[in-house]
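> The following file, coords_31.csv, comprises CSV, C-alpha atoms and all ligand atoms:
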chain,number,residue,atom,x,y,z
A,1,MET,CA,17.3,30.5,0.5
A,2,ASP,CA,17.3,26.7,0.7
A,3,ASP,CA,14.2,25.0,2.2
A,4,LEU,CA,14.5,23.8,5.7
A,5,LYS,CA,14.4,20.0,5.8
A,6,VAL,CA,11.6,18.9,8.2
A,7,ALA,CA,11.0,15.4,9.6
A,8,VAL,CA,7.6,14.5,10.9
A,9,ILE,CA,7.5,12.0,13.8
A,10,GLY,CA,4.2,10.3,14.1
A,11,ALA,CA,2.1,10.0,10.9
A,12,GLY,CA,-1.3,9.6,12.4
A,13,VAL,CA,-4.2,12.1,12.1
A,14,ILE,CA,-2.4,15.3,12.8
A,15,GLY,CA,1.0,14.1,11.6
A,16,ARG,CA,-0.6,13.6,8.1
A,17,THR,CA,-1.9,17.2,8.3
A,18,HIS,CA,1.6,18.4,9.0
A,19,ILE,CA,2.9,16.3,6.1
A,20,ASP,CA,0.4,17.8,3.7
A,21,THR,CA,1.1,21.2,5.1
A,22,LEU,CA,4.8,20.8,4.3
A,23,THR,CA,4.0,20.4,0.7
A,24,HIS,CA,2.4,23.9,0.6
A,25,ALA,CA,4.4,25.9,3.2
A,26,ARG,CA,7.1,28.3,1.9
A,27,GLY,CA,10.7,27.7,2.9
A,28,LEU,CA,10.2,24.2,4.4
A,29,SER,CA,9.9,20.8,2.9
A,30,LEU,CA,9.4,17.3,4.2
A,31,SER,CA,12.6,15.2,4.5
A,32,ALA,CA,11.6,12.1,6.5
A,33,ILE,CA,8.7,10.4,8.3
A,34,VAL,CA,9.3,8.5,11.5
A,35,ASP,CA,6.6,6.1,12.6
A,36,PRO,CA,6.7,2.3,13.4
A,37,PHE,CA,3.3,1.7,11.9
A,38,PRO,CA,3.8,-0.1,8.5
A,39,ALA,CA,1.5,2.3,6.6
A,40,ALA,CA,4.0,5.1,7.3
A,41,ARG,CA,6.6,3.4,5.0
A,42,ASP,CA,4.2,3.7,2.1
A,43,LEU,CA,3.4,7.3,3.0
A,44,ALA,CA,7.1,8.1,2.9
A,45,GLU,CA,7.5,6.3,-0.4
A,46,ARG,CA,4.6,8.4,-1.9
A,47,HIS,CA,6.3,11.6,-0.7
A,48,GLN,CA,9.7,10.2,-1.8
A,49,VAL,CA,11.3,10.9,1.5
A,50,ALA,CA,13.2,8.7,4.0
A,51,HIS,CA,11.3,6.5,6.5
A,52,PHE,CA,12.4,5.5,9.9
A,53,ALA,CA,10.7,3.4,12.6
A,54,GLU,CA,12.2,5.3,15.4
A,55,THR,CA,13.7,8.7,16.3
A,56,GLU,CA,17.2,7.5,17.1
A,57,ALA,CA,17.7,6.4,13.4
A,58,LEU,CA,16.4,9.8,12.2
A,59,VAL,CA,18.9,11.7,14.4
A,60,ALA,CA,21.8,9.4,13.3
A,61,ALA,CA,20.9,10.0,9.6
A,62,LYS,CA,21.3,13.8,10.0
A,63,LEU,CA,18.5,14.3,7.5
A,64,CYS,CA,16.7,17.2,9.0
A,65,ASP,CA,17.0,20.8,10.2
A,66,ALA,CA,13.8,20.7,12.2
A,67,VAL,CA,11.3,18.1,13.5
A,68,VAL,CA,7.5,18.0,14.0
A,69,ILE,CA,6.6,15.7,16.9
A,70,ALA,CA,3.0,14.4,16.4
A,71,SER,CA,3.2,11.0,18.1
A,72,PRO,CA,1.0,10.1,21.1
A,73,ASN,CA,1.3,12.2,24.2
A,74,ASP,CA,3.2,9.8,26.3
A,75,THR,CA,6.1,9.7,23.8
A,76,HIS,CA,6.5,13.5,23.5
A,77,VAL,CA,9.0,14.1,26.2
A,78,ALA,CA,11.4,11.2,25.4
A,79,ILE,CA,11.4,12.1,21.7
A,80,ALA,CA,11.7,15.9,22.4
A,81,LYS,CA,14.6,15.3,24.7
A,82,ARG,CA,16.5,13.2,22.1
A,83,VAL,CA,15.8,15.7,19.3
A,84,LEU,CA,16.6,18.8,21.4
A,85,ASP,CA,19.8,17.2,22.7
A,86,ALA,CA,20.8,16.8,19.0
A,87,GLY,CA,20.3,20.6,18.7
A,88,ILE,CA,17.3,20.3,16.4
A,89,PRO,CA,14.3,22.7,16.9
A,90,ILE,CA,10.9,21.1,17.4
A,91,LEU,CA,7.2,21.9,16.7
A,92,LEU,CA,5.7,19.8,19.5
A,93,GLU,CA,2.1,18.8,19.4
A,94,LYS,CA,-0.1,19.5,22.5
A,95,PRO,CA,-0.3,18.4,25.2
A,96,VAL,CA,3.4,18.8,25.5
A,97,ALA,CA,3.7,15.9,28.0
A,98,SER,CA,1.5,13.3,29.7
A,99,SER,CA,2.2,14.3,33.3
A,100,LEU,CA,3.2,17.5,35.1
A,101,ALA,CA,6.5,15.9,36.1
A,102,ASP,CA,7.3,15.1,32.4
A,103,GLY,CA,6.4,18.6,31.5
A,104,ALA,CA,8.9,19.9,34.1
A,105,ALA,CA,11.5,17.6,32.7
A,106,LEU,CA,10.8,18.9,29.2
A,107,ALA,CA,11.2,22.5,30.4
A,108,THR,CA,14.6,21.7,31.9
A,109,VAL,CA,15.9,20.2,28.6
A,110,ALA,CA,14.5,23.1,26.6
A,111,GLU,CA,16.2,25.6,28.9
A,112,ARG,CA,19.5,23.6,29.1
A,113,THR,CA,19.8,23.2,25.3
A,114,GLY,CA,18.4,26.6,24.4
A,115,VAL,CA,17.0,24.9,21.2
A,116,PRO,CA,13.7,26.5,20.1
A,117,VAL,CA,10.4,24.8,20.9
A,118,LEU,CA,7.1,25.8,19.3
A,119,VAL,CA,4.0,24.2,20.7
A,120,GLY,CA,1.2,23.1,18.3
A,121,HIS,CA,-1.6,25.2,19.6
A,122,HIS,CA,-2.3,26.1,16.0
A,123,ARG,CA,-5.3,28.2,16.6
A,124,ARG,CA,-3.2,31.2,17.5
A,125,HIS,CA,-2.1,31.2,13.9
A,126,ASN,CA,-5.7,31.4,12.6
A,127,PRO,CA,-6.5,34.7,10.9
A,128,ILE,CA,-9.8,35.0,12.9
A,129,ILE,CA,-7.8,34.6,16.2
A,130,LYS,CA,-5.2,37.1,15.0
A,131,ALA,CA,-7.9,39.6,14.3
A,132,ALA,CA,-9.6,39.0,17.7
A,133,LYS,CA,-6.3,39.2,19.5
A,134,ARG,CA,-5.5,42.6,17.8
A,135,ALA,CA,-9.0,43.9,18.7
A,136,ILE,CA,-8.8,42.8,22.3
A,137,ASP,CA,-5.2,44.1,22.7
A,138,ASP,CA,-6.4,47.4,21.2
A,139,GLY,CA,-9.1,47.7,23.9
A,140,ALA,CA,-12.1,47.1,21.6
A,141,ILE,CA,-14.1,45.4,24.4
A,142,GLY,CA,-12.3,46.9,27.4
A,143,PRO,CA,-11.3,44.8,30.4
A,144,LEU,CA,-12.8,41.3,30.3
A,145,VAL,CA,-16.0,40.7,32.4
A,146,MET,CA,-17.1,37.3,31.1
A,147,ALA,CA,-16.1,34.8,28.5
A,148,THR,CA,-18.3,31.9,27.4
A,149,VAL,CA,-16.8,29.0,25.4
A,150,THR,CA,-19.1,26.3,24.0
A,151,CYS,CA,-17.9,23.1,22.3
A,152,ALA,CA,-20.2,20.3,21.3
A,153,MET,CA,-18.9,17.9,18.7
A,154,LEU,CA,-20.1,14.3,18.4
A,155,LYS,CA,-17.1,12.0,17.8
A,156,PRO,CA,-17.8,8.6,16.3
A,157,MET,CA,-17.3,5.6,18.6
A,158,ASP,CA,-14.4,4.2,16.5
A,159,TYR,CA,-12.4,7.3,17.3
A,160,PHE,CA,-11.8,5.6,20.6
A,161,ASP,CA,-10.5,2.4,19.0
A,162,VAL,CA,-7.0,4.1,19.3
A,163,ALA,CA,-6.0,3.0,22.8
A,164,TRP,CA,-4.4,6.3,24.0
A,165,ARG,CA,-7.6,8.2,23.3
A,166,ARG,CA,-9.4,6.1,26.0
A,167,ASP,CA,-6.5,6.5,28.6
A,168,PRO,CA,-7.4,9.1,31.3
A,169,ASP,CA,-3.8,10.1,31.5
A,170,GLN,CA,-3.6,10.9,27.8
A,171,GLY,CA,-7.0,11.1,26.1
A,172,GLY,CA,-10.4,12.6,26.8
A,173,PRO,CA,-11.7,15.9,25.5
A,174,LEU,CA,-10.0,18.0,28.2
A,175,LEU,CA,-6.5,17.1,27.1
A,176,ILE,CA,-7.4,16.7,23.4
A,177,ASN,CA,-9.8,19.7,22.8
A,178,ALA,CA,-10.3,21.9,25.9
A,179,ILE,CA,-6.6,22.5,26.1
A,180,HIS,CA,-6.9,24.6,22.9
A,181,GLU,CA,-9.7,26.6,24.5
A,182,ILE,CA,-7.5,27.2,27.6
A,183,ASP,CA,-4.6,28.3,25.4
A,184,LEU,CA,-6.9,30.8,23.7
A,185,LEU,CA,-8.3,32.2,26.9
A,186,ARG,CA,-4.7,32.7,28.2
A,187,HIS,CA,-3.7,34.2,24.9
A,188,PHE,CA,-6.5,36.8,25.0
A,189,PHE,CA,-6.9,37.5,28.7
A,190,GLY,CA,-3.7,36.5,30.5
A,191,GLU,CA,-3.0,33.9,33.2
A,192,ILE,CA,-5.7,31.8,34.8
A,193,ALA,CA,-5.8,32.1,38.6
A,194,THR,CA,-8.3,29.4,39.8
A,195,VAL,CA,-10.5,26.7,38.3
A,196,GLN,CA,-13.6,24.9,39.4
A,197,GLY,CA,-14.5,22.0,37.2
A,198,THR,CA,-16.7,19.0,36.8
A,199,MET,CA,-16.6,16.0,34.4
A,200,SER,CA,-18.9,13.2,33.3
A,201,ALA,CA,-18.3,10.0,31.5
A,202,ALA,CA,-22.0,9.0,31.5
A,203,ALA,CA,-22.7,9.3,27.8
A,204,ARG,CA,-20.0,6.9,26.6
A,205,GLU,CA,-19.0,5.1,29.8
A,206,LEU,CA,-15.4,5.0,28.8
A,207,PRO,CA,-12.5,5.5,31.3
A,208,VAL,CA,-12.1,9.0,30.0
A,209,GLU,CA,-14.6,11.9,30.5
A,210,ASP,CA,-16.8,12.8,27.6
A,211,THR,CA,-18.2,16.0,28.9
A,212,THR,CA,-16.8,18.8,31.1
A,213,ALA,CA,-17.7,22.2,32.5
A,214,ALA,CA,-15.3,24.6,34.1
A,215,ILE,CA,-15.4,28.0,35.6
A,216,LEU,CA,-12.1,29.9,35.4
A,217,THR,CA,-10.9,33.1,37.1
A,218,PHE,CA,-8.0,35.2,35.7
A,219,GLU,CA,-5.1,36.9,37.5
A,220,ARG,CA,-6.3,40.1,35.8
A,221,ASP,CA,-9.9,40.6,34.9
A,222,GLY,CA,-13.0,38.5,34.5
A,223,LEU,CA,-14.5,35.0,34.7
A,224,ALA,CA,-14.8,32.4,32.0
A,225,THR,CA,-16.8,29.2,31.5
A,226,ILE,CA,-16.0,26.4,29.2
A,227,ALA,CA,-18.7,23.8,28.4
A,228,LEU,CA,-17.4,21.0,26.3
A,229,SER,CA,-18.6,17.6,25.2
A,230,ASP,CA,-17.4,15.1,22.5
A,231,ALA,CA,-20.6,13.0,23.0
A,232,GLY,CA,-23.2,15.8,22.6
A,233,VAL,CA,-24.7,16.9,19.3
A,234,GLY,CA,-24.5,20.5,18.2
A,235,PRO,CA,-22.6,22.7,15.7
A,236,TRP,CA,-21.3,25.0,18.4
A,237,ALA,CA,-17.6,24.0,18.4
A,238,TRP,CA,-14.7,25.8,16.9
A,239,GLU,CA,-13.8,22.8,14.8
A,240,LEU,CA,-17.3,22.8,13.3
A,241,THR,CA,-17.7,26.6,12.7
A,242,SER,CA,-14.3,28.1,12.0
A,243,GLY,CA,-13.6,26.3,8.7
A,244,GLU,CA,-10.1,25.8,10.0
A,245,ASN,CA,-9.8,22.3,8.8
A,246,PRO,CA,-11.9,21.8,5.7
A,247,GLY,CA,-10.3,18.4,4.9
A,248,ARG,CA,-11.7,17.0,8.2
A,249,PHE,CA,-14.8,19.0,9.3
A,250,PRO,CA,-17.8,20.7,7.7
A,251,LYS,CA,-18.3,24.4,8.4
A,252,HIS,CA,-21.5,25.5,10.2
A,253,ASP,CA,-22.6,29.1,10.6
A,254,HIS,CA,-22.8,29.5,14.4
A,255,ILE,CA,-21.0,31.3,17.1
A,256,THR,CA,-19.0,29.4,19.7
A,257,HIS,CA,-17.0,32.0,21.7
A,258,LEU,CA,-18.5,35.0,23.4
A,259,TYR,CA,-16.4,37.6,25.1
A,260,SER,CA,-18.0,40.5,27.1
A,261,GLY,CA,-15.8,43.4,28.2
A,262,ARG,CA,-16.7,46.5,30.0
A,263,SER,CA,-17.0,48.5,26.8
A,264,GLY,CA,-17.9,45.9,24.1
A,265,GLY,CA,-18.7,42.3,23.2
A,266,LEU,CA,-17.0,40.1,20.7
A,267,SER,CA,-18.2,36.8,19.3
A,268,LEU,CA,-16.2,34.2,17.3
A,269,PRO,CA,-15.7,32.9,14.7
A,270,ASP,CA,-17.9,35.6,13.1
A,271,LEU,CA,-15.8,38.4,14.6
A,272,SER,CA,-18.9,40.5,15.5
A,273,LEU,CA,-18.0,43.4,17.7
A,274,TRP,CA,-21.0,44.8,19.7
A,275,THR,CA,-20.8,48.3,21.3
A,276,TYR,CA,-23.1,51.0,22.7
A,277,GLY,CA,-22.8,54.7,21.9
A,278,PRO,CA,-21.7,56.9,24.8
A,279,GLY,CA,-23.7,56.2,28.0
A,280,GLY,CA,-25.4,53.1,26.5
A,281,ASN,CA,-26.8,50.3,28.5
A,282,TRP,CA,-29.3,47.4,28.1
A,283,THR,CA,-32.2,49.7,27.3
A,284,HIS,CA,-30.3,51.0,24.2
A,285,PRO,CA,-29.7,49.2,20.9
A,286,LEU,CA,-26.3,47.8,20.4
A,287,THR,CA,-24.4,48.5,17.2
A,288,MET,CA,-22.6,45.6,15.5
A,289,GLU,CA,-19.6,45.7,13.2
A,290,ARG,CA,-17.7,42.9,11.7
A,291,LEU,CA,-14.0,43.0,12.2
A,292,GLU,CA,-11.8,42.6,9.2
A,293,VAL,CA,-10.1,39.2,8.9
A,294,GLY,CA,-7.0,38.2,6.9
A,295,GLU,CA,-6.8,35.1,4.7
A,296,GLY,CA,-4.7,32.0,4.9
A,297,ASP,CA,-4.5,28.4,6.1
A,298,THR,CA,-3.9,28.1,9.8
A,299,TYR,CA,-1.6,25.1,9.6
A,300,ILE,CA,0.5,26.6,6.8
A,301,ALA,CA,0.8,29.8,8.9
A,302,GLN,CA,1.9,27.7,11.8
A,303,MET,CA,4.5,25.8,9.7
A,304,GLU,CA,5.9,29.0,8.1
A,305,HIS,CA,6.1,30.6,11.6
A,306,PHE,CA,8.0,27.4,12.7
A,307,GLY,CA,10.4,28.1,9.7
A,308,ALA,CA,11.0,31.6,11.0
A,309,VAL,CA,11.6,30.3,14.5
A,310,VAL,CA,14.1,27.7,13.2
A,311,ARG,CA,15.9,30.4,11.2
A,312,GLY,CA,16.1,32.6,14.3
A,313,GLU,CA,13.8,35.3,12.7
A,314,ALA,CA,11.0,34.9,15.2
A,315,ASP,CA,10.3,33.9,18.8
A,316,PRO,CA,7.8,31.0,19.2
A,317,LEU,CA,4.3,32.3,19.3
A,318,VAL,CA,3.4,29.4,21.6
A,319,THR,CA,6.3,28.6,23.9
A,320,CYS,CA,7.1,25.5,25.9
A,321,GLU,CA,6.0,27.4,29.0
A,322,ASP,CA,2.6,28.0,27.4
A,323,GLY,CA,2.3,24.3,26.7
A,324,ILE,CA,3.1,23.4,30.3
A,325,ARG,CA,0.8,26.1,31.8
A,326,ASN,CA,-2.1,24.8,29.6
A,327,MET,CA,-1.4,21.3,31.0
A,328,HIS,CA,-1.5,22.7,34.5
A,329,VAL,CA,-5.0,24.2,33.9
A,330,VAL,CA,-6.3,20.8,32.6
A,331,ALA,CA,-4.8,19.1,35.6
A,332,ALA,CA,-6.4,21.7,37.9
A,333,ILE,CA,-9.9,21.1,36.3
A,334,LYS,CA,-9.5,17.4,36.8
A,335,ARG,CA,-8.4,17.8,40.4
A,336,SER,CA,-11.3,20.2,41.1
A,337,ALA,CA,-13.7,17.6,39.5
A,338,GLU,CA,-12.4,15.0,41.9
A,339,THR,CA,-12.3,17.1,45.1
A,340,GLY,CA,-15.3,19.3,44.5
A,341,ARG,CA,-13.2,22.4,45.4
A,342,ALA,CA,-11.8,25.3,43.5
A,343,VAL,CA,-8.1,24.8,42.6
A,344,PRO,CA,-5.6,27.6,42.5
A,345,LEU,CA,-3.1,27.3,39.6
A,346,SER,CA,-0.3,28.3,42.0
A,347,ASP,CA,-0.8,24.8,43.7
A,348,LEU,CA,0.0,23.0,40.5
A,349,ALA,CA,3.0,25.2,39.7
A,350,ALA,CA,4.4,24.7,43.2
A,351,GLU,CA,4.0,20.9,42.8
A,352,ALA,CA,5.7,20.9,39.4
A,353,ASP,CA,8.7,22.9,40.9
A,354,VAL,CA,9.1,20.3,43.6
A,355,ALA,CA,8.8,17.2,41.3
B,401,LIG,N1,-3.1,20.4,17.2
B,401,LIG,C1,-4.1,19.7,17.0
B,401,LIG,O1,-5.2,20.2,16.7
B,401,LIG,C2,-4.1,18.2,17.2
B,401,LIG,C3,-5.0,17.4,16.6
B,401,LIG,C4,-4.9,16.1,16.8
B,401,LIG,C5,-3.9,15.5,17.6
B,401,LIG,N2,-3.0,16.3,18.2
B,401,LIG,C6,-2.0,15.8,19.0
B,401,LIG,O2,-1.1,15.1,18.2
B,401,LIG,C7,-0.6,13.9,18.8
B,401,LIG,C8,-1.0,12.7,17.8
B,401,LIG,O3,-2.4,12.7,17.7
B,401,LIG,P1,-3.2,11.9,16.6
B,401,LIG,O4,-4.6,12.1,16.8
B,401,LIG,O5,-2.5,12.2,15.3
B,401,LIG,O6,-2.7,10.4,17.0
B,401,LIG,P2,-2.8,9.1,16.1
B,401,LIG,O7,-3.0,8.0,17.1
B,401,LIG,O8,-3.7,9.2,15.0
B,401,LIG,O9,-1.3,9.0,15.5
B,401,LIG,C9,-0.1,8.8,16.2
B,401,LIG,C10,0.9,8.2,15.3
B,401,LIG,O10,2.1,8.1,16.0
B,401,LIG,C11,2.7,6.9,15.8
B,401,LIG,N3,3.7,6.6,16.9
B,401,LIG,C12,3.4,5.9,18.1
B,401,LIG,N4,4.5,5.8,18.8
B,401,LIG,C13,5.5,6.4,18.1
B,401,LIG,C14,6.9,6.7,18.3
B,401,LIG,N5,7.5,6.3,19.4
B,401,LIG,N6,7.6,7.3,17.3
B,401,LIG,C15,7.0,7.7,16.2
B,401,LIG,N7,5.7,7.5,15.9
B,401,LIG,C16,5.0,6.9,16.8
B,401,LIG,C17,1.6,5.9,15.7
B,401,LIG,O11,2.0,4.7,14.9
B,401,LIG,C18,0.6,6.8,14.9
B,401,LIG,O12,0.7,6.6,13.5
B,401,LIG,C19,-1.2,13.8,20.1
B,401,LIG,O13,-0.3,14.4,21.1
B,401,LIG,C20,-2.5,14.7,20.0
B,401,LIG,O14,-2.9,15.3,21.2
B,401,LIG,C21,-3.1,17.7,18.0
Translate the structure of the given file into structure tokens.


Amino acid sequence: MDDLKVAVIGAGVIGRTHIDTLTHARGLSLSAIVDPFPAARDLAERHQVAHFAETEALVAAKLCDAVVIASPNDTHVAIAKRVLDAGIPILLEKPVASSLADGAALATVAERTGVPVLVGHHRRHNPIIKAAKRAIDDGAIGPLVMATVTCAMLKPMDYFDVAWRRDPDQGGPLLINAIHEIDLLRHFFGEIATVQGTMSAAARELPVEDTTAAILTFERDGLATIALSDAGVGPWAWELTSGENPGRFPKHDHITHLYSGRSGGLSLPDLSLWTYGPGGNWTHPLTMERLEVGEGDTYIAQMEHFGAVVRGEADPLVTCEDGIRNMHVVAAIKRSAETGRAVPLSDLAAEADVA
């Protein structure tokens, strides 16, 4: 079987992760890099692949079977449209678009062309998340009562030298980080019904929020809270505890995600499952067992899954619709923060339909 030829569009922080990943993933290899930034040409030379400054030239060169889109959010939809119209499947970074209207336009193109779209919510490919998903689906904790997600990770000030990361329509930890938490909550517990949120920019005083807290209800069972800051110090963030990205972040031994169901509790990333014996309650000791976890690099697993999607052997684990729904939840949290009211997700879906 020949390797799929994959081009990476956008060779910044995550684009370089995808480029490195392609040197390890089975069944795919890097064929081109597209990025107008001069350093991208050197990077392409080092990898001995073609370099283009823009997507049109890549499409014209017919040098790829698949494309990873890792450029800034506000470029996603225009690039995705061009590539999908050429019949080339995409792995599209999150958030899939920079507005709900753009998201709806993307969905239309994806549907019209029928060309596969996998969205880069990579955590779903993490072995820890796969083990948690299996346990939750098997009823290990019963119906959800409460989920608590914590995320404190101090980003350096120069992280915000990149303009789009200071732009409220594109940057901020809600769109950059919390969207992964939202995706995981939906993955485990189903669709979100309402959100109530608040945001603060007091720590950095940038145009984007640095801290947010949100209460979510689900269409099925349970409540969840997310407390997230990129200006507060602490090890309790998935990035800093899961060991998912050893090249970028140290690994601290702490739990960050706590799920309480009617018959058990599960924490991550340590995969501790807490249960009572028959008839147990808070006056009885809980028993803890560690769930088994597989091995493997999350980004390689994501890329190899992308290969299977391109070959028609698998459906995307994270669909275009997932990417759009996750954006809707972020938009609802922002609207709730502005209005002080709970926002039903059905409001956002209705508006996107009309747009
Ligand atoms: N899945 C994840 O965990 C994860 C992590 C980081 C970033 N992201 C997402 O990936 C995207 C990029 O983020 P980043 O932090 O790597 O950004 P970045 O600013 O580090 O890199 C973006 C790159 O895209 C290039 N670029 C700009 N316009 C372009 C265009 N029209 N065509 C091709 N290249 C273009 C820039 O020159 C730059 O090199 C964003 O959507 C972000 O939300 C996802």

> Which residue gives the smallest distance to Ala352 (chain A) among A:Gln170, A:Ile19, A:Lys133, A:Gly103, with only C-alpha atoms counted?

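Counting only C-alpha atoms, the residue closest to Ala352 (chain A) is A:Gly103.
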
> Residues within 9 Å of ligand LIG 401 (chain B) (all atoms listed in the file), as a ChimeraX atom specification?

/A:8-17,33-40,52-55,69-76,78-79,92-98,119-123,162-165,170-171,175-177,180

> Would you mind listing what lies within 12 Å of Ile333 (chain A) as number ranges by chain, with all atoms listed in the file counted and same-chain residues fewer than 4 positions away left out?

A: 174-175, 178-179, 182, 192-199, 209, 212-216, 225-226, 326-329, 337-345, 348

> Closest to Gly247 (chain A) among A:Ser29, A:Tyr299, A:Ala50, A:Val115, using only C-alpha atoms?

A:Tyr299

> For CA of Arg26 (chain A) and CA of Leu106 (chain A), determine how far apart the two atoms are, in Å to one decimal place.

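Here the two named atoms are 29.1 Å from each other.
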
> When you look at Ala110 (chain A) with a cut-off of 9 Å (counting only C-alpha atoms), what residues show up, excluding the ones that are within fewer than 3 positions of it in the same chain? I need them as a PyMOL selection string.

chain A and resi 80-81+84-85+105-107+113-117+320

> Mind giving me the straight-line distance from CA of Leu91 (chain A) to CA of His125 (chain A) in Å, one decimal?

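Distance between the two atoms: 13.4 Å.
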
> In Å to one decimal, how far is CA of Cys64 (chain A) from CA of Gly307 (chain A)?

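So the answer is 12.6 Å.
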